[in-house]
$ cat model_18.cif   # mmCIF, C-alpha atoms and all ligand atoms
data_protein
loop_
_atom_site.label_atom_id
_atom_site.label_comp_id
_atom_site.auth_asym_id
_atom_site.auth_seq_id
_atom_site.Cartn_x
_atom_site.Cartn_y
_atom_site.Cartn_z
CA MET G 1 28.97 -13.06 18.31
CA ASN G 2 27.93 -13.27 14.69
CA SER G 3 24.82 -11.50 13.52
CA ILE G 4 21.73 -13.69 13.17
CA LEU G 5 20.73 -12.24 9.82
CA LYS G 6 21.96 -9.94 7.11
CA ILE G 7 19.57 -7.55 5.38
CA GLY G 8 21.61 -6.23 2.47
CA LYS G 9 24.62 -4.64 4.10
CA TRP G 10 23.04 -4.42 7.56
CA ASP G 11 24.13 -6.96 10.17
CA VAL G 12 21.25 -7.74 12.54
CA TYR G 13 21.68 -8.65 16.23
CA PRO G 14 19.03 -9.30 18.91
CA LEU G 15 19.48 -7.46 22.21
CA GLU G 16 17.51 -9.29 24.91
CA THR G 17 17.03 -6.67 27.65
CA GLY G 18 15.01 -8.79 30.09
CA THR G 19 11.42 -9.85 30.65
CA PHE G 20 8.33 -8.54 32.41
CA ARG G 21 4.73 -9.62 32.80
CA LEU G 22 1.41 -8.13 31.74
CA ASP G 23 -2.13 -9.31 32.27
CA GLY G 24 -2.81 -12.14 29.79
CA GLY G 25 -6.39 -11.08 29.14
CA ALA G 26 -5.36 -7.49 28.39
CA MET G 27 -2.70 -8.79 25.96
CA MET G 28 -5.13 -11.04 24.10
CA GLY G 29 -8.19 -8.75 23.98
CA SER G 30 -11.36 -10.62 23.08
CA VAL G 31 -9.67 -14.02 22.67
CA PRO G 32 -10.68 -16.27 25.62
CA LYS G 33 -8.11 -17.72 27.99
CA VAL G 34 -8.95 -21.34 27.06
CA LEU G 35 -7.44 -20.54 23.66
CA TRP G 36 -4.49 -18.29 24.50
CA GLU G 37 -3.17 -20.21 27.48
CA LYS G 38 -2.16 -23.07 25.18
CA THR G 39 0.68 -20.92 23.87
CA ASN G 40 1.18 -18.39 26.69
CA SER G 41 0.75 -19.79 30.21
CA ALA G 42 -0.36 -17.38 32.95
CA ASP G 43 0.95 -16.99 36.53
CA LYS G 44 -1.41 -16.93 39.53
CA LEU G 45 -2.06 -13.21 38.95
CA ASN G 46 -3.04 -14.05 35.34
CA ARG G 47 0.08 -12.40 33.95
CA ILE G 48 2.02 -13.75 30.97
CA ASN G 49 5.75 -13.50 30.37
CA LEU G 50 6.96 -11.02 27.76
CA ALA G 51 10.39 -10.31 26.31
CA MET G 52 11.88 -6.92 25.50
CA ARG G 53 14.03 -7.79 22.50
CA CYS G 54 15.65 -4.73 21.00
CA LEU G 55 17.50 -4.86 17.70
CA LEU G 56 20.98 -3.69 16.74
CA LEU G 57 21.89 -2.88 13.13
CA ASP G 58 25.38 -2.22 11.79
CA ASP G 59 26.22 -1.38 8.17
CA GLY G 60 29.90 -0.68 8.90
CA GLU G 61 29.21 3.03 9.22
CA ASN G 62 26.10 3.44 11.38
CA ARG G 63 25.23 1.49 14.51
CA VAL G 64 21.51 1.70 15.11
CA VAL G 65 19.53 0.46 18.12
CA ILE G 66 15.77 -0.03 17.74
CA GLU G 67 13.83 0.22 21.03
CA THR G 68 15.45 0.54 24.45
CA GLY G 69 13.78 -1.88 26.89
CA ILE G 70 12.26 -0.91 30.24
CA GLY G 71 15.46 0.64 31.64
CA ASN G 72 16.84 0.64 35.18
CA LYS G 73 15.21 3.71 36.75
CA ASN G 74 12.23 1.75 38.10
CA SER G 75 11.14 1.64 41.76
CA ASP G 76 10.92 -1.67 43.67
CA LYS G 77 7.11 -1.43 43.61
CA PHE G 78 7.07 -0.95 39.83
CA ILE G 79 9.53 -3.84 39.39
CA ASP G 80 7.30 -6.05 41.53
CA ASN G 81 4.02 -5.03 39.82
CA PHE G 82 5.39 -5.90 36.40
CA HIS G 83 7.62 -8.76 37.59
CA ILE G 84 10.58 -7.17 35.78
CA LYS G 85 13.54 -9.54 35.43
CA GLN G 86 16.65 -8.01 33.96
CA GLY G 87 19.46 -9.90 35.62
CA ILE G 88 22.55 -8.74 33.82
CA ALA G 89 20.47 -8.13 30.71
CA THR G 90 20.78 -4.36 30.74
CA LEU G 91 21.35 -2.61 27.46
CA SER G 92 25.04 -2.06 28.10
CA ASN G 93 25.60 -5.73 29.00
CA THR G 94 23.68 -7.08 26.05
CA LEU G 95 25.57 -4.71 23.76
CA SER G 96 28.94 -5.79 25.14
CA ASN G 97 27.95 -9.44 24.58
CA VAL G 98 27.93 -8.71 20.85
CA GLY G 99 31.05 -6.55 20.95
CA TYR G 100 29.60 -3.03 21.20
CA SER G 101 29.35 -0.32 23.84
CA ILE G 102 26.71 2.28 24.64
CA ALA G 103 29.05 4.97 23.25
CA ASP G 104 29.32 3.19 19.87
CA ILE G 105 25.65 3.71 19.04
CA THR G 106 25.02 6.48 16.49
CA ASP G 107 21.21 6.29 16.27
CA VAL G 108 18.32 5.12 18.44
CA ILE G 109 14.88 4.61 16.89
CA ILE G 110 11.87 4.12 19.20
CA THR G 111 8.52 2.83 17.90
CA HIS G 112 6.51 4.66 20.58
CA LEU G 113 7.15 6.06 24.04
CA HIS G 114 5.30 3.52 26.22
CA PHE G 115 7.54 2.74 29.22
CA ASP G 116 8.37 -0.82 28.19
CA HIS G 117 9.78 0.51 24.89
CA SER G 118 11.42 3.78 25.96
CA GLY G 119 12.48 3.16 29.58
CA GLY G 120 16.07 2.48 28.55
CA ALA G 121 16.30 5.69 26.51
CA THR G 122 17.32 7.67 29.60
CA SER G 123 19.39 6.87 32.69
CA ILE G 124 20.28 8.48 36.00
CA ASP G 125 23.90 9.69 36.18
CA GLU G 126 26.12 9.80 39.28
CA ASN G 127 24.71 13.22 40.23
CA GLY G 128 21.14 11.93 40.12
CA GLU G 129 20.40 13.75 36.84
CA LEU G 130 18.38 12.20 34.03
CA ILE G 131 20.49 11.90 30.87
CA PRO G 132 20.24 10.15 27.48
CA THR G 133 21.57 6.58 27.90
CA PHE G 134 23.43 6.67 24.57
CA PRO G 135 25.79 9.67 24.80
CA ASN G 136 26.61 9.89 21.08
CA ALA G 137 23.27 9.00 19.51
CA LYS G 138 20.48 10.86 17.78
CA TYR G 139 17.03 9.67 18.88
CA TRP G 140 14.43 9.23 16.13
CA ILE G 141 10.87 9.52 17.43
CA SER G 142 7.58 10.10 15.64
CA GLU G 143 6.43 13.69 16.07
CA THR G 144 2.82 12.47 16.27
CA ASN G 145 3.68 10.08 19.09
CA TRP G 146 5.81 12.73 20.86
CA ASN G 147 2.86 15.13 20.90
CA HIS G 148 0.55 12.38 22.17
CA ALA G 149 3.02 11.26 24.87
CA ASN G 150 3.18 14.83 26.15
CA ASN G 151 -0.62 15.07 26.20
CA PRO G 152 -1.93 11.49 26.55
CA ASN G 153 -5.55 10.50 27.05
CA PRO G 154 -6.79 8.69 30.17
CA LYS G 155 -6.71 5.25 28.48
CA ASP G 156 -2.94 5.12 27.95
CA ARG G 157 -1.70 7.91 30.24
CA ALA G 158 -0.18 5.42 32.71
CA SER G 159 2.10 4.08 29.96
CA TYR G 160 3.78 7.44 29.24
CA LEU G 161 6.33 8.42 31.88
CA ASN G 162 7.99 11.82 31.28
CA GLU G 163 11.31 10.72 32.75
CA ASN G 164 11.77 8.36 29.80
CA PHE G 165 11.61 11.04 27.11
CA LEU G 166 11.69 14.68 28.32
CA PRO G 167 15.45 14.49 29.12
CA LEU G 168 16.07 13.73 25.43
CA LYS G 169 14.58 17.10 24.49
CA ASP G 170 16.57 18.90 27.18
CA ALA G 171 19.78 17.30 25.90
CA GLY G 172 19.05 18.36 22.28
CA VAL G 173 19.33 14.83 20.87
CA LEU G 174 15.74 14.49 19.62
CA ASN G 175 14.95 14.04 15.97
CA LEU G 176 11.17 14.27 15.64
CA ILE G 177 10.04 12.84 12.30
CA PRO G 178 6.77 12.72 10.33
CA ASP G 179 4.87 9.42 9.94
CA ASN G 180 6.23 7.24 7.11
CA SER G 181 9.72 8.76 7.01
CA ASP G 182 12.99 7.63 5.45
CA ILE G 183 15.66 7.62 8.14
CA MET G 184 18.82 6.34 6.41
CA ASN G 185 20.20 3.68 4.04
CA GLY G 186 17.00 1.65 3.59
CA ILE G 187 15.59 2.24 7.08
CA SER G 188 12.13 3.80 7.05
CA THR G 189 9.05 3.99 9.25
CA ILE G 190 5.45 2.82 8.83
CA GLY G 191 2.95 4.88 10.82
CA VAL G 192 0.13 3.04 12.62
CA ASN G 193 -2.39 4.44 15.08
CA GLY G 194 -4.52 1.62 16.50
CA HIS G 195 -2.30 0.73 19.48
CA THR G 196 -1.49 4.33 20.36
CA VAL G 197 -1.30 7.59 18.44
CA GLY G 198 1.72 7.75 16.11
CA GLN G 199 3.41 4.40 16.58
CA GLN G 200 6.12 3.85 13.93
CA LEU G 201 7.08 0.37 12.79
CA ILE G 202 10.66 0.19 11.54
CA LYS G 203 11.31 -1.27 8.09
CA ILE G 204 14.81 -2.23 6.95
CA ASN G 205 14.94 -2.85 3.23
CA SER G 206 18.23 -3.47 1.47
CA MET G 207 19.14 -5.44 -1.65
CA ASN G 208 15.65 -6.97 -1.97
CA GLU G 209 15.54 -8.20 1.61
CA THR G 210 13.20 -6.78 4.20
CA LEU G 211 12.89 -6.97 7.97
CA VAL G 212 10.21 -5.12 9.92
CA PHE G 213 10.36 -4.42 13.64
CA CYS G 214 6.67 -4.92 14.46
CA GLY G 215 6.56 -3.01 17.76
CA ASP G 216 3.15 -3.31 19.39
CA LEU G 217 1.21 -3.88 16.14
CA ILE G 218 2.22 -7.56 16.45
CA PRO G 219 3.83 -7.90 19.87
CA ILE G 220 4.07 -11.72 20.00
CA ARG G 221 3.69 -14.63 17.58
CA SER G 222 0.06 -15.31 18.64
CA HIS G 223 -0.88 -11.88 17.33
CA LEU G 224 -0.18 -12.97 13.75
CA ARG G 225 -3.80 -14.13 13.96
CA LEU G 226 -6.08 -11.25 13.10
CA PRO G 227 -8.49 -11.49 16.10
CA TYR G 228 -5.62 -11.26 18.62
CA ILE G 229 -5.71 -7.54 19.41
CA MET G 230 -4.56 -6.13 22.73
CA GLY G 231 -7.12 -4.69 25.13
CA TYR G 232 -4.55 -1.93 25.67
CA ASP G 233 -5.04 -0.65 22.11
CA LEU G 234 -6.79 2.71 21.77
CA SER G 235 -8.70 1.47 18.71
CA ALA G 236 -9.13 -2.27 18.10
CA ILE G 237 -10.84 -1.77 14.75
CA GLN G 238 -8.00 0.43 13.51
CA THR G 239 -5.43 -2.17 14.62
CA LEU G 240 -7.42 -4.81 12.75
CA GLN G 241 -7.33 -2.74 9.54
CA GLU G 242 -3.64 -1.89 9.94
CA LYS G 243 -2.69 -5.49 10.72
CA THR G 244 -4.72 -6.86 7.78
CA GLU G 245 -2.95 -4.59 5.32
CA PHE G 246 0.47 -5.08 6.93
CA LEU G 247 0.34 -8.90 6.98
CA ASN G 248 -0.84 -8.97 3.37
CA GLN G 249 2.23 -6.96 2.33
CA ALA G 250 4.52 -8.96 4.63
CA SER G 251 3.47 -12.32 3.18
CA LYS G 252 3.71 -11.13 -0.44
CA GLY G 253 7.10 -9.49 0.13
CA ASN G 254 8.54 -12.37 2.18
CA TRP G 255 9.41 -9.91 4.95
CA TRP G 256 11.05 -11.02 8.19
CA LEU G 257 8.82 -9.93 11.09
CA TRP G 258 10.65 -9.14 14.33
CA PHE G 259 8.79 -9.63 17.65
CA TYR G 260 9.79 -7.36 20.54
CA HIS G 261 7.67 -9.10 23.19
CA ASP G 262 7.61 -12.82 22.25
CA PRO G 263 9.55 -14.80 24.89
CA GLN G 264 10.70 -17.44 22.37
CA THR G 265 10.18 -16.40 18.78
CA ILE G 266 12.59 -13.76 17.54
CA MET G 267 11.34 -13.47 13.97
CA VAL G 268 9.28 -15.24 11.32
CA GLN G 269 8.44 -15.20 7.64
CA ILE G 270 4.84 -15.95 6.69
CA SER G 271 2.74 -17.03 3.75
CA GLU G 272 -0.99 -16.92 3.19
CA GLY G 273 -2.73 -19.99 4.62
CA GLU G 274 -6.32 -21.19 4.34
CA LYS G 275 -7.57 -19.68 7.58
CA HIS G 276 -4.56 -17.95 9.11
CA TYR G 277 -1.15 -16.90 7.90
CA LYS G 278 1.32 -19.81 7.98
CA VAL G 279 4.76 -19.42 9.53
CA ILE G 280 7.21 -20.69 6.90
CA ASN G 281 10.45 -19.70 8.66
CA GLU G 282 11.00 -19.11 12.34
CA VAL G 283 14.08 -18.08 14.31
CA ARG G 284 13.70 -18.97 17.97
CA LYS G 285 15.76 -17.99 20.97
CA ASP G 286 16.29 -21.60 22.06
CA ARG G 287 17.40 -22.76 18.61
CA GLN G 288 20.01 -20.19 17.68
ZN ZN U 301 2.83 -0.07 23.62
#
$ encode --input "model_18.cif" --output "structure tokens" --more "lines below"
Ligand SMILES: [Zn+2]
Amino acid sequence: MNSILKIGKWDVYPLETGTFRLDGGAMMGSVPKVLWEKTNSADKLNRINLAMRCLLLDDGENRVVIETGIGNKNSDKFIDNFHIKQGIATLSNTLSNVGYSIADITDVIITHLHFDHSGGATSIDENGELIPTFPNAKYWISETNWNHANNPNPKDRASYLNENFLPLKDAGVLNLIPDNSDIMNGISTIGVNGHTVGQQLIKINSMNETLVFCGDLIPIRSHLRLPYIMGYDLSAIQTLQEKTEFLNQASKGNWWLWFYHDPQTIMVQISEGEKHYKVINEVRKDRQ
């Protein structure tokens, strides 16, 4: 399969690793259901459907995966609670669809260690041991988020599951980095702290083109609107400030914004509108 975009010398591929559901009200924060259900319909338990769309980058030398999906270590109860649907959309299958294998990956970058972002980072081997899923990769994780994940507060403790990240330390594949780091060849991180402590957005900038993996700062297209802030966030006011500054830069720089959780919209470019930012380019899953 051809890449869907080129950012300088990086080929960009989406890796759809399945869907799950979260409470619609918790996703939309203070926005009432009469507004959000127009774009995101809820099931009878009030849950909305969310994608887990990782990203693969290849510059001919490095093969980088951003985010790892929810993984396949989950119990039946957990799968049922979150209505996880993976089908054959595991990381290794989605990678082979675009001509790669798990062993080809040189680097894995994770925005933050919540289970729906880091679950695929580790797997259970044939002896029942937890191991890194990508046997030849370095894992790039924010040191601030690592420290928080290992000592979370009661509000987001349930989202940090040790099995998803402690085996990376034991295997010696961890690369803990400061906020706002350069990783390699135009890939850098943008530290944000409203959603959780030490989330890193991933910016790919090459030959005057820019793509940003928005993580949970802007999980779905609806959240391009400033008042859409998740109830899950540790600090709504901090998210508002971070999102305001980020979207201002994104519209001025004509950045592509990549959505991990939007079921349909893969990425957009935006410009300043009268009331809200306007989407001027959109790549959707059903129109590829
Ligand atoms: Zn999160």
$ closest_residue --input "model_18.cif" --among "G:Thr189, G:Asn62, G:Thr196, G:Thr39" --to "G:Asp156" --atoms "all atoms listed in the file"
G:Thr196
$ closest_residue --input "model_18.cif" --among "G:Leu22, G:Ile266, G:Leu168, G:Ile79" --to "ligand ZN 301 (chain U)" --atoms "all atoms listed in the file"
G:Leu22
$ atom_distance --input "model_18.cif" --atom1 "atom CA of G:Thr210" --atom2 "atom CA of G:Lys6"
9.8 Å
$ residues_near_ligand --input "model_18.cif" --ligand "ligand ZN 301 (chain U)" --cutoff "7 Å" --atoms "all atoms listed in the file" --output "list in words"
His112, His114, His195, Thr196 and Asp216 of chain G
$ atom_distance --input "model_18.cif" --atom1 "atom CA of G:Ala236" --atom2 "atom CA of G:Ser251"
22.0 Å
$ residues_near_point --input "model_18.cif" --point "(-7.9, -8.4, 11.6)" --cutoff "12 Å" --atoms "only C-alpha atoms" --output "VMD selection string"
chain G and resid 194 217 to 218 223 to 230 236 to 248 275 to 277
$ closest_residue --input "model_18.cif" --among "G:Leu211, G:Gly231, G:Gly8, G:Lys85" --to "G:Gln269" --atoms "all atoms listed in the file"
G:Leu211
$ residues_around --input "model_18.cif" --residues "stretch 97-106 of chain G" --least-positions-apart "3" --cutoff "8 Å" --atoms "all atoms listed in the file" --output "ChimeraX atom specification"
/G:1-2,13,62-65,91-94,133-138
$ atom_distance --input "model_18.cif" --atom1 "atom CA of G:Tyr139" --atom2 "atom CA of G:Thr122"
10.9 Å
$ residues_near_point --input "model_18.cif" --point "(17.9, -8.1, 35.2)" --cutoff "12 Å" --atoms "all atoms listed in the file" --output "VMD selection string"
chain G and resid 16 to 20 51 to 52 69 to 72 74 79 83 to 94
$ residues_around --input "model_18.cif" --residues "stretch 177-181 of chain G" --least-positions-apart "6" --cutoff "9 Å" --atoms "all atoms listed in the file" --output "PyMOL selection string"
chain G and resi 140-144+187-192+198-201
$ closest_residue --input "model_18.cif" --among "G:Arg157, G:Lys169, G:His117, G:Lys203" --to "G:Cys54" --atoms "all atoms listed in the file"
G:His117
$ residues_around --input "model_18.cif" --residues "G:Lys33" --least-positions-apart "2" --cutoff "12 Å" --atoms "all atoms listed in the file" --output "ChimeraX atom specification"
/G:23-31,35-42,46-48,228
$ build_atoms --input "model_18.cif" --residues "stretch 267-286 of chain G" --atoms "N, CA and C atoms" --output "mmCIF file, in the frame of the given file"
data_model
loop_
_atom_site.group_PDB
_atom_site.id
_atom_site.type_symbol
_atom_site.label_atom_id
_atom_site.label_comp_id
_atom_site.auth_asym_id
_atom_site.auth_seq_id
_atom_site.Cartn_x
_atom_site.Cartn_y
_atom_site.Cartn_z
ATOM 1 N N MET G 267 11.897 -13.984 15.224
ATOM 2 C CA MET G 267 11.340 -13.470 13.970
ATOM 3 C C MET G 267 10.805 -14.603 13.116
ATOM 4 N N VAL G 268 9.888 -14.255 12.215
ATOM 5 C CA VAL G 268 9.280 -15.240 11.320
ATOM 6 C C VAL G 268 9.135 -14.657 9.917
ATOM 7 N N GLN G 269 8.974 -15.568 8.950
ATOM 8 C CA GLN G 269 8.440 -15.200 7.640
ATOM 9 C C GLN G 269 7.123 -15.949 7.483
ATOM 10 N N ILE G 270 6.173 -15.349 6.786
ATOM 11 C CA ILE G 270 4.840 -15.950 6.690
ATOM 12 C C ILE G 270 4.377 -16.079 5.248
ATOM 13 N N SER G 271 3.426 -16.991 5.049
ATOM 14 C CA SER G 271 2.740 -17.030 3.750
ATOM 15 C C SER G 271 1.256 -17.155 4.023
ATOM 16 N N GLU G 272 0.461 -16.857 3.007
ATOM 17 C CA GLU G 272 -0.990 -16.920 3.190
ATOM 18 C C GLU G 272 -1.435 -18.365 3.375
ATOM 19 N N GLY G 273 -2.213 -18.656 4.420
ATOM 20 C CA GLY G 273 -2.730 -19.990 4.620
ATOM 21 C C GLY G 273 -4.224 -20.002 4.344
ATOM 22 N N GLU G 274 -4.882 -21.127 4.619
ATOM 23 C CA GLU G 274 -6.320 -21.190 4.340
ATOM 24 C C GLU G 274 -7.119 -20.305 5.278
ATOM 25 N N LYS G 275 -6.804 -20.435 6.585
ATOM 26 C CA LYS G 275 -7.570 -19.680 7.580
ATOM 27 C C LYS G 275 -6.707 -18.566 8.188
ATOM 28 N N HIS G 276 -5.472 -18.913 8.516
ATOM 29 C CA HIS G 276 -4.560 -17.950 9.110
ATOM 30 C C HIS G 276 -3.282 -17.917 8.283
ATOM 31 N N TYR G 277 -2.461 -16.900 8.542
ATOM 32 C CA TYR G 277 -1.150 -16.900 7.900
ATOM 33 C C TYR G 277 -0.324 -18.075 8.454
ATOM 34 N N LYS G 278 0.456 -18.693 7.577
ATOM 35 C CA LYS G 278 1.320 -19.810 7.980
ATOM 36 C C LYS G 278 2.731 -19.285 8.226
ATOM 37 N N VAL G 279 3.356 -19.763 9.295
ATOM 38 C CA VAL G 279 4.760 -19.420 9.530
ATOM 39 C C VAL G 279 5.605 -20.373 8.687
ATOM 40 N N ILE G 280 6.397 -19.817 7.771
ATOM 41 C CA ILE G 280 7.210 -20.690 6.900
ATOM 42 C C ILE G 280 8.674 -20.713 7.318
ATOM 43 N N ASN G 281 9.089 -19.723 8.085
ATOM 44 C CA ASN G 281 10.450 -19.700 8.660
ATOM 45 C C ASN G 281 10.363 -19.074 10.025
ATOM 46 N N GLU G 282 11.058 -19.665 10.981
ATOM 47 C CA GLU G 282 11.000 -19.110 12.340
ATOM 48 C C GLU G 282 12.390 -19.192 12.958
ATOM 49 N N VAL G 283 12.843 -18.076 13.532
ATOM 50 C CA VAL G 283 14.080 -18.080 14.310
ATOM 51 C C VAL G 283 13.697 -17.942 15.766
ATOM 52 N N ARG G 284 14.062 -18.969 16.562
ATOM 53 C CA ARG G 284 13.700 -18.970 17.970
ATOM 54 C C ARG G 284 14.925 -18.786 18.842
ATOM 55 N N LYS G 285 14.676 -18.261 20.029
ATOM 56 C CA LYS G 285 15.760 -17.990 20.970
ATOM 57 C C LYS G 285 16.469 -19.276 21.382
ATOM 58 N N ASP G 286 15.689 -20.362 21.568
ATOM 59 C CA ASP G 286 16.290 -21.600 22.060
ATOM 60 C C ASP G 286 16.906 -22.443 20.941
#
